[in-house]
file data05.txt (compact mmCIF, C-alpha atoms)
# COMPACT_ATOMS: atom_id res chain seq x y z
CA MET G 1 89.26 81.09 85.78
CA LYS G 2 91.08 79.59 88.77
CA LYS G 3 89.42 79.93 92.17
CA GLY G 4 91.12 81.09 95.34
CA THR G 5 91.92 78.81 98.27
CA PHE G 6 88.57 79.34 100.00
CA ASN G 7 86.62 80.33 96.88
CA ALA G 8 85.41 83.34 98.86
CA ILE G 9 85.94 87.04 99.39
CA THR G 10 88.30 86.12 102.23
CA ASP G 11 90.84 84.95 99.64
CA ILE G 12 91.77 88.63 99.64
CA GLU G 13 94.37 88.80 102.41
CA GLY G 14 93.08 90.72 105.42
CA VAL G 15 89.41 90.62 104.45
CA ALA G 16 87.20 89.20 107.23
CA VAL G 17 83.48 88.38 107.44
CA GLY G 18 81.28 88.16 110.52
CA HIS G 19 77.60 87.38 111.11
CA VAL G 20 74.94 87.74 113.74
CA THR G 21 71.80 85.70 113.03
CA LEU G 22 68.44 86.33 114.72
CA ASP G 23 66.04 83.40 114.43
CA GLY G 24 63.01 82.56 116.55
CA PRO G 25 59.34 83.18 117.29
CA LEU G 26 58.03 86.39 118.81
CA ASP G 27 54.52 86.95 120.10
CA GLY G 28 51.51 86.15 117.92
CA GLU G 29 52.39 85.38 114.31
CA ASP G 30 55.56 87.47 114.44
CA TYR G 31 58.96 85.88 113.91
CA ARG G 32 62.46 87.26 113.76
CA CYS G 33 64.29 85.84 110.79
CA THR G 34 67.04 88.31 110.03
CA GLY G 35 70.54 89.43 111.02
CA VAL G 36 73.68 91.41 110.28
CA THR G 37 76.76 90.67 108.19
CA ALA G 38 80.00 92.64 108.40
CA ILE G 39 82.78 92.71 105.77
CA LEU G 40 86.07 94.17 107.01
CA PRO G 41 88.54 95.22 104.27
CA HIS G 42 91.58 94.70 106.49
CA ALA G 43 92.54 93.95 110.08
CA GLY G 44 93.90 97.41 110.87
CA ASN G 45 92.21 100.68 111.75
CA LEU G 46 89.84 101.35 108.85
CA PHE G 47 89.46 105.05 109.67
CA LYS G 48 93.18 105.72 109.79
CA GLU G 49 94.01 103.49 106.82
CA LYS G 50 91.19 103.85 104.30
CA VAL G 51 90.89 101.69 101.20
CA PRO G 52 90.01 102.90 97.70
CA ALA G 53 86.39 102.15 96.86
CA ALA G 54 83.53 102.83 94.46
CA SER G 55 79.91 101.86 93.96
CA PHE G 56 77.58 101.22 91.04
CA VAL G 57 73.80 101.40 91.29
CA LEU G 58 72.16 99.19 88.66
CA ASN G 59 68.65 99.81 90.01
CA GLY G 60 68.18 102.26 92.84
CA PHE G 61 65.20 100.86 94.75
CA GLY G 62 67.33 100.64 97.90
CA LYS G 63 68.02 102.35 101.22
CA THR G 64 71.78 102.22 101.58
CA ALA G 65 73.85 104.56 103.74
CA GLY G 66 77.23 106.08 102.94
CA LEU G 67 77.48 105.62 99.17
CA ILE G 68 77.36 109.35 98.36
CA GLN G 69 80.62 110.01 100.18
CA VAL G 70 82.24 106.89 98.76
CA GLU G 71 81.51 108.22 95.29
CA GLU G 72 82.71 111.72 96.15
CA LEU G 73 85.99 110.82 97.87
CA GLY G 74 86.68 107.36 96.50
CA VAL G 75 87.53 105.70 99.81
CA LEU G 76 85.95 103.36 102.33
CA GLU G 77 86.63 104.02 106.02
CA SER G 78 84.30 101.55 107.74
CA PRO G 79 83.28 97.92 107.42
CA VAL G 80 80.66 97.22 104.77
CA MET G 81 77.57 96.26 106.75
CA LEU G 82 74.55 94.30 105.47
CA THR G 83 71.11 93.89 107.07
CA ASN G 84 67.37 94.23 106.38
CA THR G 85 65.67 97.39 105.10
CA PHE G 86 64.31 98.70 108.40
CA SER G 87 67.56 98.04 110.30
CA VAL G 88 69.92 100.29 108.34
CA GLY G 89 69.74 102.94 111.09
CA ALA G 90 70.42 100.53 113.94
CA VAL G 91 73.34 98.92 112.11
CA LEU G 92 74.78 102.31 111.23
CA GLU G 93 74.59 103.31 114.90
CA GLY G 94 76.25 100.10 116.07
CA THR G 95 79.04 100.39 113.52
CA LEU G 96 79.56 104.01 114.50
CA ARG G 97 79.82 103.00 118.16
CA HIS G 98 82.48 100.44 117.28
CA MET G 99 84.48 102.91 115.20
CA LEU G 100 84.21 105.65 117.84
CA SER G 101 85.56 103.27 120.48
CA GLU G 102 88.62 102.64 118.29
CA ASN G 103 89.08 106.29 117.31
CA PRO G 104 88.42 108.82 120.12
CA GLU G 105 89.34 111.66 117.77
CA ILE G 106 86.42 111.09 115.38
CA GLY G 107 83.93 113.96 115.69
CA ASP G 108 86.23 115.81 118.08
CA SER G 109 89.73 116.69 116.91
CA SER G 110 89.24 114.91 113.58
CA SER G 111 86.53 114.66 110.93
CA SER G 112 83.28 112.74 111.06
CA LEU G 113 82.92 109.14 109.88
CA ASN G 114 81.19 107.65 106.83
CA VAL G 115 79.59 104.28 107.60
CA VAL G 116 78.44 102.11 104.66
CA VAL G 117 75.34 99.95 105.12
CA GLY G 118 73.47 97.94 102.48
CA GLU G 119 70.06 96.29 102.82
CA CYS G 120 67.52 93.92 101.33
CA ASN G 121 63.84 93.49 102.20
CA ASP G 122 63.28 90.28 104.19
CA SER G 123 59.69 91.08 105.24
CA PHE G 124 58.15 87.94 103.71
CA LEU G 125 59.80 85.80 106.42
CA ASN G 126 60.92 88.40 108.96
CA SER G 127 58.68 90.64 111.06
CA MET G 128 60.64 93.62 109.83
CA ARG G 129 58.38 96.16 111.52
CA ARG G 130 59.56 94.86 114.89
CA MET G 131 63.07 96.14 114.14
CA GLU G 132 64.69 93.31 116.09
CA VAL G 133 68.20 94.14 114.87
CA ARG G 134 69.80 96.47 117.39
CA PRO G 135 73.09 98.43 117.37
CA GLU G 136 74.79 95.84 119.56
CA HIS G 137 74.22 93.19 116.89
CA ALA G 138 76.25 95.25 114.43
CA GLU G 139 79.06 95.57 116.96
CA GLN G 140 78.95 91.82 117.59
CA ALA G 141 79.12 91.04 113.86
CA ILE G 142 82.22 93.22 113.50
CA ARG G 143 83.94 91.68 116.51
CA SER G 144 83.20 88.15 115.28
CA ALA G 145 84.62 88.71 111.78
CA THR G 146 87.33 86.27 110.71
CA GLY G 147 89.23 85.38 107.58
CA GLY G 148 89.20 82.01 105.85
CA GLU G 149 86.00 79.99 105.70
CA PHE G 150 82.77 81.53 106.97
CA ALA G 151 79.08 80.62 107.05
CA GLN G 152 77.04 81.18 103.90
CA GLY G 153 73.39 80.78 102.95
CA ALA G 154 70.62 81.52 105.47
CA THR G 155 72.87 83.26 107.97
CA GLY G 156 73.56 86.79 109.15
CA ALA G 157 71.86 89.36 106.95
CA GLY G 158 70.85 86.50 104.65
CA LYS G 159 68.69 84.67 107.19
CA GLY G 160 65.36 85.85 105.79
CA MET G 161 66.27 86.44 102.15
CA ILE G 162 64.70 84.76 99.09
CA CYS G 163 66.40 84.30 95.71
CA TYR G 164 64.58 83.12 92.57
CA GLY G 165 61.70 81.95 94.75
CA ALA G 166 63.95 79.67 96.82
CA LYS G 167 65.93 80.33 99.97
CA GLY G 168 68.75 82.79 99.31
CA GLY G 169 71.10 84.75 101.53
CA ILE G 170 74.88 85.07 101.74
CA GLY G 171 77.11 83.65 99.02
CA SER G 172 80.72 84.14 98.06
CA SER G 173 83.28 83.14 95.44
CA SER G 174 86.68 84.23 94.09
CA ARG G 175 88.86 84.10 90.99
CA THR G 176 92.57 84.69 90.41
CA ALA G 177 94.52 86.27 87.55
CA GLU G 178 98.26 85.92 86.91
CA HIS G 179 100.80 87.70 84.72
CA ALA G 180 104.60 87.65 84.76
CA GLY G 181 104.74 85.98 88.14
CA ARG G 182 102.28 88.36 89.76
CA ARG G 183 98.96 87.08 91.02
CA PHE G 184 95.84 89.07 91.85
CA THR G 185 92.53 87.91 93.29
CA VAL G 186 88.97 89.19 92.98
CA GLY G 187 86.49 87.99 95.60
CA THR G 188 82.75 88.65 95.76
CA LEU G 189 80.20 88.40 98.55
CA VAL G 190 76.49 88.74 97.77
CA LEU G 191 73.29 89.19 99.73
CA THR G 192 70.67 87.67 97.42
CA ASN G 193 66.99 88.54 97.65
CA PHE G 194 65.81 88.91 94.07
CA GLY G 195 64.22 87.28 91.04
CA ARG G 196 61.31 85.02 90.15
CA GLY G 197 61.73 81.28 89.94
CA ASN G 198 61.19 81.09 86.18
CA GLU G 199 64.00 83.58 85.49
CA CYS G 200 66.88 81.56 86.90
CA ARG G 201 69.33 80.13 84.37
CA PHE G 202 71.60 78.00 86.53
CA PRO G 203 72.14 74.49 85.12
CA GLY G 204 69.78 71.94 86.61
CA TRP G 205 67.54 74.59 88.17
CA VAL G 206 64.04 73.48 89.15
CA ALA G 207 61.79 76.54 89.38
CA PRO G 208 59.87 76.62 92.68
CA GLU G 209 56.16 77.28 92.76
CA GLU G 210 55.41 80.97 92.52
CA PRO G 211 53.35 82.69 95.25
CA ALA G 212 49.88 83.94 94.46
CA PRO G 213 49.91 87.15 92.42
CA GLU G 214 49.11 90.45 94.10
CA THR G 215 46.80 91.62 91.30
CA PRO G 216 43.69 89.40 91.04
CA VAL G 217 42.05 88.22 87.87
CA ALA G 218 39.21 90.55 86.83
CA GLY G 219 36.02 89.77 88.74
CA SER G 220 37.71 87.65 91.40
CA ASP G 221 37.93 88.35 95.13
CA PRO G 222 41.26 87.10 96.48
CA SER G 223 41.47 86.07 100.10
CA ALA G 224 43.67 87.85 102.61
CA SER G 225 46.02 84.85 102.62
CA ASP G 226 46.55 85.21 98.87
CA ARG G 227 47.44 88.86 99.30
CA ASP G 228 49.79 87.99 102.14
CA GLU G 229 51.69 85.61 99.88
CA LYS G 230 52.85 88.46 97.64
CA ARG G 231 56.60 88.76 97.99
CA PRO G 232 58.49 92.03 97.49
CA ASP G 233 60.52 92.40 94.30
CA GLY G 234 63.67 92.04 96.42
CA SER G 235 67.19 93.31 96.02
CA VAL G 236 70.81 92.24 95.83
CA ILE G 237 73.90 93.75 97.40
CA ILE G 238 77.17 92.74 95.75
CA VAL G 239 80.48 93.45 97.48
CA VAL G 240 83.56 93.02 95.27
CA ALA G 241 87.04 93.02 96.79
CA THR G 242 90.43 92.75 95.14
CA ASP G 243 94.08 92.93 96.14
CA ALA G 244 94.93 94.49 92.77
CA PRO G 245 95.97 98.13 93.27
CA LEU G 246 93.03 99.83 91.59
CA ASP G 247 91.94 103.42 92.20
CA SER G 248 88.35 104.49 92.74
CA ARG G 249 87.68 105.10 89.06
CA GLN G 250 88.95 101.65 88.12
CA LEU G 251 86.95 100.05 90.95
CA GLY G 252 83.85 101.67 89.52
CA ARG G 253 84.59 99.92 86.25
CA LEU G 254 85.05 96.63 88.12
CA ALA G 255 81.72 97.12 89.93
CA LYS G 256 79.92 97.56 86.61
CA ARG G 257 81.26 94.20 85.42
CA ALA G 258 79.83 92.50 88.49
CA SER G 259 76.39 93.45 87.17
CA ILE G 260 77.11 91.23 84.15
CA GLY G 261 77.63 88.29 86.51
CA LEU G 262 74.29 89.11 88.10
CA GLY G 263 72.60 89.23 84.69
CA ARG G 264 74.07 85.89 83.68
CA THR G 265 71.98 84.20 86.37
CA GLY G 266 68.77 85.31 84.65
CA THR G 267 67.27 88.15 86.69
CA HIS G 268 65.21 90.80 84.90
CA ILE G 269 66.20 93.52 87.44
CA HIS G 270 62.65 94.19 88.62
CA ASN G 271 61.24 97.66 89.21
CA GLY G 272 61.27 97.26 92.99
CA SER G 273 64.70 95.66 93.21
CA GLY G 274 67.69 97.49 94.66
CA ASP G 275 70.70 96.14 92.76
CA ILE G 276 73.74 97.81 94.27
CA ILE G 277 77.43 96.99 93.96
CA ILE G 278 80.26 98.15 96.24
CA ALA G 279 83.87 97.51 95.24
CA PHE G 280 87.09 98.08 97.18
CA SER G 281 90.78 97.31 96.87
CA THR G 282 93.31 96.32 99.50
CA GLY G 283 96.17 96.97 97.06
CA TYR G 284 97.06 100.15 98.93
CA THR G 285 95.62 102.29 101.71
CA VAL G 286 95.02 106.01 102.03
CA PRO G 287 96.21 107.40 105.39
CA HIS G 288 93.91 109.74 107.26
CA GLY G 289 95.26 113.23 107.85
CA GLY G 290 98.95 114.02 108.18
CA ASP G 291 101.08 116.92 106.94
CA ASP G 292 102.26 115.40 103.67
CA PRO G 293 99.96 116.53 100.84
CA LEU G 294 101.12 113.76 98.47
CA ILE G 295 100.41 110.04 98.27
CA VAL G 296 102.71 107.77 96.28
CA ARG G 297 101.03 104.58 95.15
CA GLU G 298 101.22 101.84 92.54
CA THR G 299 98.14 101.47 90.35
CA PHE G 300 97.09 99.41 87.37
CA LYS G 301 97.37 100.51 83.76
CA ASP G 302 93.92 100.48 82.18
CA ASP G 303 95.17 99.03 78.90
CA HIS G 304 97.09 96.12 80.42
CA PRO G 305 95.64 92.66 79.62
CA LEU G 306 95.36 91.97 83.34
CA MET G 307 92.60 94.56 83.60
CA ASN G 308 90.43 92.44 81.32
CA ASP G 309 91.23 89.43 83.50
CA LEU G 310 90.05 91.33 86.58
CA PHE G 311 86.83 92.22 84.78
CA GLN G 312 86.28 88.56 83.95
CA ALA G 313 87.09 87.58 87.55
CA ALA G 314 84.46 90.00 88.85
CA ILE G 315 81.85 88.57 86.48
CA GLU G 316 82.60 84.93 87.24
CA SER G 317 82.92 85.35 91.01
CA THR G 318 79.64 87.30 91.18
CA GLU G 319 77.78 84.66 89.18
CA GLU G 320 79.07 81.82 91.34
CA ALA G 321 78.57 83.75 94.60
CA ILE G 322 74.85 83.97 93.77
CA LEU G 323 74.81 80.22 93.12
CA GLN G 324 76.62 79.57 96.42
CA SER G 325 73.98 81.58 98.29
CA LEU G 326 71.41 79.08 96.99
CA LEU G 327 73.53 75.96 97.52
CA HIS G 328 74.35 76.84 101.14
CA ALA G 329 70.82 77.88 102.11
CA GLU G 330 68.39 75.70 104.03
CA ASP G 331 64.63 75.41 104.45
CA THR G 332 63.62 78.39 106.57
CA ARG G 333 60.43 79.25 108.45
CA GLY G 334 59.27 82.72 109.33
CA ARG G 335 56.34 84.92 110.27
CA LYS G 336 52.68 83.97 109.77
CA GLY G 337 53.70 80.34 109.49
CA ARG G 338 55.43 80.96 106.17
CA SER G 339 58.37 78.92 104.97
CA VAL G 340 60.74 78.99 102.03
CA LYS G 341 62.54 75.86 100.83
CA LYS G 342 66.13 75.63 99.70
CA ALA G 343 66.81 75.43 95.97
CA ASP G 344 66.23 72.20 94.10
CA PHE G 345 68.61 71.24 91.28
CA GLU G 346 68.01 68.28 88.97
CA THR G 347 71.72 68.14 88.19
CA ASP G 348 74.84 69.52 89.86
CA PRO G 349 75.03 73.19 88.79
CA LEU G 350 78.82 73.14 89.24
CA GLY G 351 79.20 70.14 86.96

call {"tool": "encode", "arguments": {"input": "data05.txt", "output": "structure tokens"}}
result
Amino acid sequence: MKKGTFNAITDIEGVAVGHVTLDGPLDGEDYRCTGVTAILPHAGNLFKEKVPAASFVLNGFGKTAGLIQVEELGVLESPVMLTNTFSVGAVLEGTLRHMLSENPEIGDSSSSLNVVVGECNDSFLNSMRRMEVRPEHAEQAIRSATGGEFAQGATGAGKGMICYGAKGGIGSSSRTAEHAGRRFTVGTLVLTNFGRGNECRFPGWVAPEEPAPETPVAGSDPSASDRDEKRPDGSVIIVVATDAPLDSRQLGRLAKRASIGLGRTGTHIHNGSGDIIIAFSTGYTVPHGGDDPLIVRETFKDDHPLMNDLFQAAIESTEEAILQSLLHAEDTRGRKGRSVKKADFETDPLG
């Protein structure tokens, strides 16, 4: 399918992405190699003008915040925030601070706020126990968010992530669908931290050397360094955005298709992998409060051929977003002197 202007989630008008990257040595063998990424659905007040949203959990080994309410009410009222596993609380607090500063009525004369945060485990490279990500980093990521082109690869929440044994991180892509003069775009942003090197099916892929296994051969006595080399199963967070006017139910269907794009890349969806998809639409907004009990909105027909095109767009943009996370990454060092190299391709995976 055709790609958008930027081939990124920011091809959806109003969507903005911001990063804060933390990179540098701490005391001893510790190293901070982590960060925060913020995805803003539109440039207005997200609490007052919510967007329809849904989520799909392919494998639930994850520690997200806010998805229960998204599923119950079908709307998103905060930025989608990404970080490492032990920093979900700090990022939630920082995002809440930002939203409270914009909306003095929250928690007072109005309702509470649902903040959505996704995570992946970057503890192979990042000293995650140090909890270096603080609330102010989340606020900074939100304030720095812009449309158009943005950094990908080993940046923001993706700084310490590993994908298919090579350096992973942030990746994005988009696809467009047209019918009768109307054009709709689906854009995907991923945080990749999953898979073993021999699983990857991208063209030209050269599988990196695998780390030493955690379980020793019978009768052997592995060294501490061998045990340290065991990497967690990982996770992936997939954020799918579209300007097509889809309701929450339809966005749930779109989110499920993104998992097909993930599967196309080769992953086995490991036991310890949190594979979580969040989808939202900017096709219309849902106002907060007010006296009118009715909302009039335009939505898609499920049986229109364009719906199939949107499904295909979600699959293709997810698959390429994962590839882009590898292509944009760079050799990265982290704690205990560890390092992870960027992906090696024998041939151009994009042809």

call {"tool": "closest_residue", "arguments": {"input": "data05.txt", "among": "G:Ser235, G:Ser248, G:Thr176, G:Thr265", "to": "G:Gln312", "atoms": "only C-alpha atoms"}}
result
G:Thr176

call {"tool": "residues_around", "arguments": {"input": "data05.txt", "residues": "stretch 66-75 of chain G", "least_positions_apart": "2", "cutoff": "7 Å", "atoms": "only C-alpha atoms", "output": "list in words"}}
result
Lys50, Val51, Pro52, Ala53, Ala54, Ser55, Thr64, Glu77, Asn114, Val115, Val116, Val117 and Ser248 of chain G

call {"tool": "closest_residue", "arguments": {"input": "data05.txt", "among": "G:Gly261, G:Pro79, G:Gly94, G:Gly274", "to": "G:Ile315", "atoms": "all atoms listed in the file"}}
result
G:Gly261

call {"tool": "closest_residue", "arguments": {"input": "data05.txt", "among": "G:Glu199, G:Leu323, G:Lys3, G:Gly204", "to": "G:Asp348", "atoms": "all atoms listed in the file"}}
result
G:Gly204

call {"tool": "closest_residue", "arguments": {"input": "data05.txt", "among": "G:Leu76, G:Asp309, G:Arg143, G:Met161", "to": "G:Val20", "atoms": "all atoms listed in the file"}}
result
G:Arg143

call {"tool": "residues_around", "arguments": {"input": "data05.txt", "residues": "G:Ser112", "least_positions_apart": "5", "cutoff": "10 Å", "atoms": "all atoms listed in the file", "output": "MDAnalysis selection string"}}
result
chainID G and resid 47 100 105:107

call {"tool": "atom_distance", "arguments": {"input": "data05.txt", "atom1": "atom CA of G:Val133", "atom2": "atom CA of G:Ala38"}}
result
13.5 Å

call {"tool": "residues_around", "arguments": {"input": "data05.txt", "residues": "stretch 333-336 of chain G", "least_positions_apart": "4", "cutoff": "9 Å", "atoms": "only C-alpha atoms", "output": "list in words"}}
result
Asp23, Gly24, Pro25, Leu26, Gly28, Glu29, Asp30, Tyr31, Arg32, Cys33, Ser123, Phe124, Leu125, Asn126, Ser127, Gly160, Val340 and Lys341 of chain G

call {"tool": "residues_around", "arguments": {"input": "data05.txt", "residues": "G:Ile142", "least_positions_apart": "6", "cutoff": "9 Å", "atoms": "only C-alpha atoms", "output": "number ranges by chain"}}
result
G: 16-19, 37-40, 79, 81, 95, 98

call {"tool": "write_last_selection", "arguments": {"input": "data05.txt", "atoms": "C-alpha atoms", "output": "mmCIF file, in the coordinates of the input"}}
result
data_model
loop_
_atom_site.group_PDB
_atom_site.id
_atom_site.type_symbol
_atom_site.label_atom_id
_atom_site.label_comp_id
_atom_site.auth_asym_id
_atom_site.auth_seq_id
_atom_site.Cartn_x
_atom_site.Cartn_y
_atom_site.Cartn_z
ATOM 1 C CA ALA G 16 87.200 89.200 107.230
ATOM 2 C CA VAL G 17 83.480 88.380 107.440
ATOM 3 C CA GLY G 18 81.280 88.160 110.520
ATOM 4 C CA HIS G 19 77.600 87.380 111.110
ATOM 5 C CA THR G 37 76.760 90.670 108.190
ATOM 6 C CA ALA G 38 80.000 92.640 108.400
ATOM 7 C CA ILE G 39 82.780 92.710 105.770
ATOM 8 C CA LEU G 40 86.070 94.170 107.010
ATOM 9 C CA PRO G 79 83.280 97.920 107.420
ATOM 10 C CA MET G 81 77.570 96.260 106.750
ATOM 11 C CA THR G 95 79.040 100.390 113.520
ATOM 12 C CA HIS G 98 82.480 100.440 117.280
#

call {"tool": "atom_distance", "arguments": {"input": "data05.txt", "atom1": "atom CA of G:Pro41", "atom2": "atom CA of G:Thr282"}}
result
6.8 Å

call {"tool": "atom_distance", "arguments": {"input": "data05.txt", "atom1": "atom CA of G:Asn271", "atom2": "atom CA of G:Asn121"}}
result
13.9 Å

call {"tool": "closest_residue", "arguments": {"input": "data05.txt", "among": "G:Thr188, G:Thr146, G:Thr85, G:Ser273", "to": "G:Ala43", "atoms": "all atoms listed in the file"}}
result
G:Thr146

call {"tool": "closest_residue", "arguments": {"input": "data05.txt", "among": "G:Glu139, G:Glu178, G:Phe202, G:Ser109", "to": "G:Gly351", "atoms": "only C-alpha atoms"}}
result
G:Phe202

call {"tool": "residues_around", "arguments": {"input": "data05.txt", "residues": "G:Pro245", "least_positions_apart": "6", "cutoff": "8 Å", "atoms": "all atoms listed in the file", "output": "list in words"}}
result
Ser281, Thr282, Gly283, Tyr284, Glu298, Thr299 and Phe300 of chain G

call {"tool": "axis_aligned_box", "arguments": {"input": "data05.txt", "around": "stretch 310-328 of chain G", "padding_each_side": "3 Å", "output": "lines of an AutoDock Vina configuration file"}}
result
center_x = 80.7
center_y = 84.1
center_z = 92.5
size_x = 24.6
size_y = 22.3
size_z = 23.2

call {"tool": "decode", "arguments": {"input": "data05.txt", "residues": "stretch 36-57 of chain G", "atoms": "N, CA and C atoms", "output": "mmCIF file, in the first residue's frame"}}
result
data_model
loop_
_atom_site.group_PDB
_atom_site.id
_atom_site.type_symbol
_atom_site.label_atom_id
_atom_site.label_comp_id
_atom_site.auth_asym_id
_atom_site.auth_seq_id
_atom_site.Cartn_x
_atom_site.Cartn_y
_atom_site.Cartn_z
ATOM 1 N N VAL G 36 11.796 7.954 27.945
ATOM 2 C CA VAL G 36 10.340 8.100 27.871
ATOM 3 C C VAL G 36 9.961 8.547 26.462
ATOM 4 N N THR G 37 8.879 7.999 25.950
ATOM 5 C CA THR G 37 8.310 8.456 24.685
ATOM 6 C C THR G 37 6.845 8.778 24.898
ATOM 7 N N ALA G 38 6.413 9.908 24.345
ATOM 8 C CA ALA G 38 5.021 10.353 24.459
ATOM 9 C C ALA G 38 4.386 10.433 23.080
ATOM 10 N N ILE G 39 3.180 9.904 22.939
ATOM 11 C CA ILE G 39 2.402 10.005 21.695
ATOM 12 C C ILE G 39 1.132 10.770 22.011
ATOM 13 N N LEU G 40 0.981 11.945 21.418
ATOM 14 C CA LEU G 40 -0.194 12.788 21.645
ATOM 15 C C LEU G 40 -1.160 12.621 20.480
ATOM 16 N N PRO G 41 -2.416 12.233 20.733
ATOM 17 C CA PRO G 41 -3.380 12.035 19.639
ATOM 18 C C PRO G 41 -3.750 13.312 18.894
ATOM 19 N N HIS G 42 -3.783 14.430 19.573
ATOM 20 C CA HIS G 42 -4.049 15.696 18.886
ATOM 21 C C HIS G 42 -3.476 16.842 19.711
ATOM 22 N N ALA G 43 -3.495 18.035 19.146
ATOM 23 C CA ALA G 43 -2.836 19.178 19.768
ATOM 24 C C ALA G 43 -3.727 19.909 20.756
ATOM 25 N N GLY G 44 -4.972 19.489 20.909
ATOM 26 C CA GLY G 44 -5.881 20.157 21.825
ATOM 27 C C GLY G 44 -5.802 19.591 23.229
ATOM 28 N N ASN G 45 -6.853 19.853 24.002
ATOM 29 C CA ASN G 45 -6.931 19.363 25.372
ATOM 30 C C ASN G 45 -7.478 17.935 25.352
ATOM 31 N N LEU G 46 -6.638 16.971 25.660
ATOM 32 C CA LEU G 46 -7.007 15.563 25.522
ATOM 33 C C LEU G 46 -8.069 15.137 26.531
ATOM 34 N N PHE G 47 -8.141 15.808 27.659
ATOM 35 C CA PHE G 47 -9.163 15.475 28.656
ATOM 36 C C PHE G 47 -10.533 15.987 28.218
ATOM 37 N N LYS G 48 -10.558 17.172 27.666
ATOM 38 C CA LYS G 48 -11.834 17.761 27.254
ATOM 39 C C LYS G 48 -12.315 17.226 25.910
ATOM 40 N N GLU G 49 -11.394 16.810 25.068
ATOM 41 C CA GLU G 49 -11.738 16.259 23.761
ATOM 42 C C GLU G 49 -11.073 14.893 23.623
ATOM 43 N N LYS G 50 -11.728 13.874 24.132
ATOM 44 C CA LYS G 50 -11.188 12.517 24.135
ATOM 45 C C LYS G 50 -11.283 11.907 22.741
ATOM 46 N N VAL G 51 -10.454 10.917 22.484
ATOM 47 C CA VAL G 51 -10.523 10.218 21.200
ATOM 48 C C VAL G 51 -10.956 8.776 21.433
ATOM 49 N N PRO G 52 -11.716 8.195 20.506
ATOM 50 C CA PRO G 52 -12.088 6.787 20.634
ATOM 51 C C PRO G 52 -10.841 5.913 20.620
ATOM 52 N N ALA G 53 -10.861 4.839 21.418
ATOM 53 C CA ALA G 53 -9.671 4.013 21.555
ATOM 54 C C ALA G 53 -10.060 2.604 21.972
ATOM 55 N N ALA G 54 -9.111 1.690 21.820
ATOM 56 C CA ALA G 54 -9.289 0.302 22.237
ATOM 57 C C ALA G 54 -7.907 -0.307 22.410
ATOM 58 N N SER G 55 -7.862 -1.475 23.030
ATOM 59 C CA SER G 55 -6.597 -2.184 23.180
ATOM 60 C C SER G 55 -6.807 -3.671 22.917
ATOM 61 N N PHE G 56 -5.719 -4.343 22.611
ATOM 62 C CA PHE G 56 -5.753 -5.795 22.423
ATOM 63 C C PHE G 56 -4.488 -6.367 23.039
ATOM 64 N N VAL G 57 -4.662 -7.315 23.945
ATOM 65 C CA VAL G 57 -3.533 -7.949 24.616
ATOM 66 C C VAL G 57 -3.297 -9.319 23.984
#
